[in-house]
Amino acid sequence: MVNVEGVKQTKILLVDDDENYVKVTKMYLEENGLNISACTNPVEALKICKDENIDIVLLDYFMPELTGEEFVKQLRTFNNKALVILQTGFSEKKPPIETLTFLDIQGYHDKTKGVDELLLLTLSAIKTMRLIKLNRVQEIKLASLNYKKQLIGELSVGLINEAKDQLFSISAANKSIAMNTKDYEDENKVIDEANNKVGKVFSALGFEGNKFLRIEDIIDVTRTLLASKIKENITELVINAESPSTIVRKNTETIIFLMLETIMLLMEQENKKIKVTITGTDKIVVNFENELNYDKEFAKKIVLLVTDKTGIKFTLKDKKAAIYADT
C-alpha cells in the first residue's frame with residue numbers, strides 16, 4: 001500500500017467500457033489504498049460526476065456511447081476542477097497534444113504499459129490535486145480577509161465621525177460645567193452617555209478579536225457598525241433576541257459579518273423597517289423577516305464567509321434569509 005498524503009480523501013472515478021479491465025484495475029488500485037469507484041457506461045459516469053465531488057477521472061479514450069473527448073467536453077461544462085487521465089490500449093492512436101491541452105487533460109496512459117504506470121500517474125495526480133485544494137483554501141482565506149478589511153474600513157468612516165461627535169459633546173459639557181456648576185448633574189449625564197457611545201464605537205471596531213460574545217453583544221456591535229448607514233437610509237432596525245445573555249463561543253465574527261451584509265442589502269432594497277429575530281441557546285437561529293433579493297455579488301461574499309467554517313450555515317428560503325450557528 002502506498003503512503004501518499006491525501007490518498008483516502010481523493011475521490012477517483014474509473015470509466016471504461018471493458019468490464020474485465022475495470023475489475024482488475026479497480027482491485028489493483030484499491031489494494032494500493034486508493035479511494036476509487038468505477039463505471040462501464042460513460043453516460044452514467046457523467047451523472048456520477050454531477051452528483052458527486054469527483055477529483056480525478058481515469059477515462060478510456062475509445063468507448064461506444066461517448067468517446068473520451070466527447071466525455072471531457074461535457075464534463076467541462078459543469079466541472080473544470082477534476083483532473084483527467086486519458087487511457088487507451090491502442091498506442092498508435094494516442095490523442096494529439098492539441099486535444100489534451102484544449103480539453104485541459106492532465107495525463108495520458110498507454111494501457112499496454114501496465115497498471116503500475118497508471119498507479120504512478122494517479123499518485124502524481126493526487127499530489128497535484130492536494131496542492132490545488134490547499135492553494136484554493138489559501139486563496140479563499142486571503143479573499144475573505146481582504147473583503148473583511150474593506151467592509152470594516154467602509155463602516156469605520158461612519159464610526160469615527162460618530163466618535164468625534166460624542167467627543168465634542170463631552171468637550172461642550174465640560175465647558176458648561178466650568179461656567180455654571182449648578183448644571184453639574186445634567187452635564188455629567190451628557191458626558192456619561194457620550195463616553196458610553198465612544199466606548200461602543202471602539203468595542204465595535206475591535207470585535208474581530210473577541211472569540212466569546214453574548215448575543216446582546218453581537219447585536220450591539222452590529223447596530224454600532226451600521227449606525228451611520230441606518231441614519232443615511234432612514235431605516236429602523238429592530239433586532240430581538242429570545243435569550244440575549246446566551247454566550248456564543250463559535251464563529252462570532254462570521255455571524256456578525258453575515259448579519260452586516262444581509263442587513264445592508266435589505267437597506268439597499270429600501271426597507272424602511274428591518275426586523276431580525278434571534279432564537280435558541282445551544283444552537284441559535286438568526287431570522288431576517290424581510291424578503292431578500294440577492295445577486296451574485298452578495299452570494300460571493302456569503303461563500304467567502306462560510307467556506308471551511310464548521311457549525312454555521314446561511315440559508316435562503318422563500319426569499320427569507322437565516323443564519324444557523326452552534327454556540
# chains A, B, ... in the order shown; residues from 1 in each chain; ligands from 1
call {"tool": "residues_around", "arguments": {"residues": "stretch 314-320 of chain A", "least_positions_apart": "6", "cutoff": "8 Å", "atoms": "only C-alpha atoms", "output": "PyMOL selection string"}}
result
chain A and resi 287-293+302+306
call {"tool": "write_last_selection", "arguments": {"atoms": "N, CA and C atoms", "output": "mmCIF file, in the first residue's frame"}}
result
data_model
loop_
_atom_site.group_PDB
_atom_site.id
_atom_site.type_symbol
_atom_site.label_atom_id
_atom_site.label_comp_id
_atom_site.auth_asym_id
_atom_site.auth_seq_id
_atom_site.Cartn_x
_atom_site.Cartn_y
_atom_site.Cartn_z
ATOM 1 N N ASN A 287 -33.061 34.950 12.191
ATOM 2 C CA ASN A 287 -34.038 35.042 11.108
ATOM 3 C C ASN A 287 -34.207 36.486 10.657
ATOM 4 N N PHE A 288 -34.087 36.707 9.353
ATOM 5 C CA PHE A 288 -34.339 38.026 8.770
ATOM 6 C C PHE A 288 -35.761 38.000 8.210
ATOM 7 N N GLU A 289 -36.644 38.814 8.764
ATOM 8 C CA GLU A 289 -38.057 38.698 8.449
ATOM 9 C C GLU A 289 -38.464 39.406 7.156
ATOM 10 N N ASN A 290 -37.618 40.293 6.647
ATOM 11 C CA ASN A 290 -37.918 40.959 5.374
ATOM 12 C C ASN A 290 -37.522 40.066 4.201
ATOM 13 N N GLU A 291 -38.203 40.225 3.075
ATOM 14 C CA GLU A 291 -37.830 39.487 1.878
ATOM 15 C C GLU A 291 -36.497 40.009 1.339
ATOM 16 N N LEU A 292 -35.657 39.069 0.909
ATOM 17 C CA LEU A 292 -34.318 39.434 0.445
ATOM 18 C C LEU A 292 -34.141 39.002 -1.006
ATOM 19 N N ASN A 293 -33.829 39.947 -1.873
ATOM 20 C CA ASN A 293 -33.490 39.653 -3.263
ATOM 21 C C ASN A 293 -31.984 39.822 -3.411
ATOM 22 N N ILE A 302 -21.093 35.756 0.787
ATOM 23 C CA ILE A 302 -21.559 34.735 1.736
ATOM 24 C C ILE A 302 -20.681 33.493 1.649
ATOM 25 N N VAL A 306 -18.526 31.679 4.780
ATOM 26 C CA VAL A 306 -18.865 30.381 5.394
ATOM 27 C C VAL A 306 -17.987 29.224 4.923
#
call {"tool": "residues_around", "arguments": {"residues": "A:Val115", "least_positions_apart": "3", "cutoff": "7 Å", "atoms": "only C-alpha atoms", "output": "number ranges by chain"}}
result
A: 25, 118-119
call {"tool": "closest_atom_pairs", "arguments": {"of": "stretch 256-293 of chain A", "to": "stretch 211-229 of chain A", "cutoff": "8 Å", "atoms": "only C-alpha atoms", "output": "tab-separated table"}}
result
residue	atom	partner	partner_atom	distance
A:Ile256	CA	A:Thr222	CA	6.3
A:Met259	CA	A:Thr222	CA	7.2
A:Leu260	CA	A:Thr222	CA	6.4
A:Met264	CA	A:Lys229	CA	8.0
call {"tool": "closest_residue", "arguments": {"among": "A:Asn32, A:Asn79, A:Phe71, A:Met27", "to": "A:Asp51", "atoms": "only C-alpha atoms"}}
result
A:Asn79
call {"tool": "closest_residue", "arguments": {"among": "A:Lys309, A:Lys111, A:Lys301, A:Lys273", "to": "A:Asn251", "atoms": "only C-alpha atoms"}}
result
A:Lys309
call {"tool": "closest_residue", "arguments": {"among": "A:Ala321, A:Ile126, A:Leu121, A:Lys73", "to": "A:Asp104", "atoms": "only C-alpha atoms"}}
result
A:Lys73
call {"tool": "atom_distance", "arguments": {"atom1": "atom CA of A:Asp16", "atom2": "atom CA of A:Pro42"}}
result
7.5 Å
call {"tool": "atom_distance", "arguments": {"atom1": "atom CA of A:Ile48", "atom2": "atom CA of A:Thr307"}}
result
23.7 Å
call {"tool": "closest_residue", "arguments": {"among": "A:Asn240, A:Tyr28, A:Asp295, A:Ala325", "to": "A:Leu258", "atoms": "only C-alpha atoms"}}
result
A:Ala325
call {"tool": "closest_residue", "arguments": {"among": "A:Val248, A:Leu304, A:Leu266, A:Leu75", "to": "A:Asp326", "atoms": "only C-alpha atoms"}}
result
A:Val248
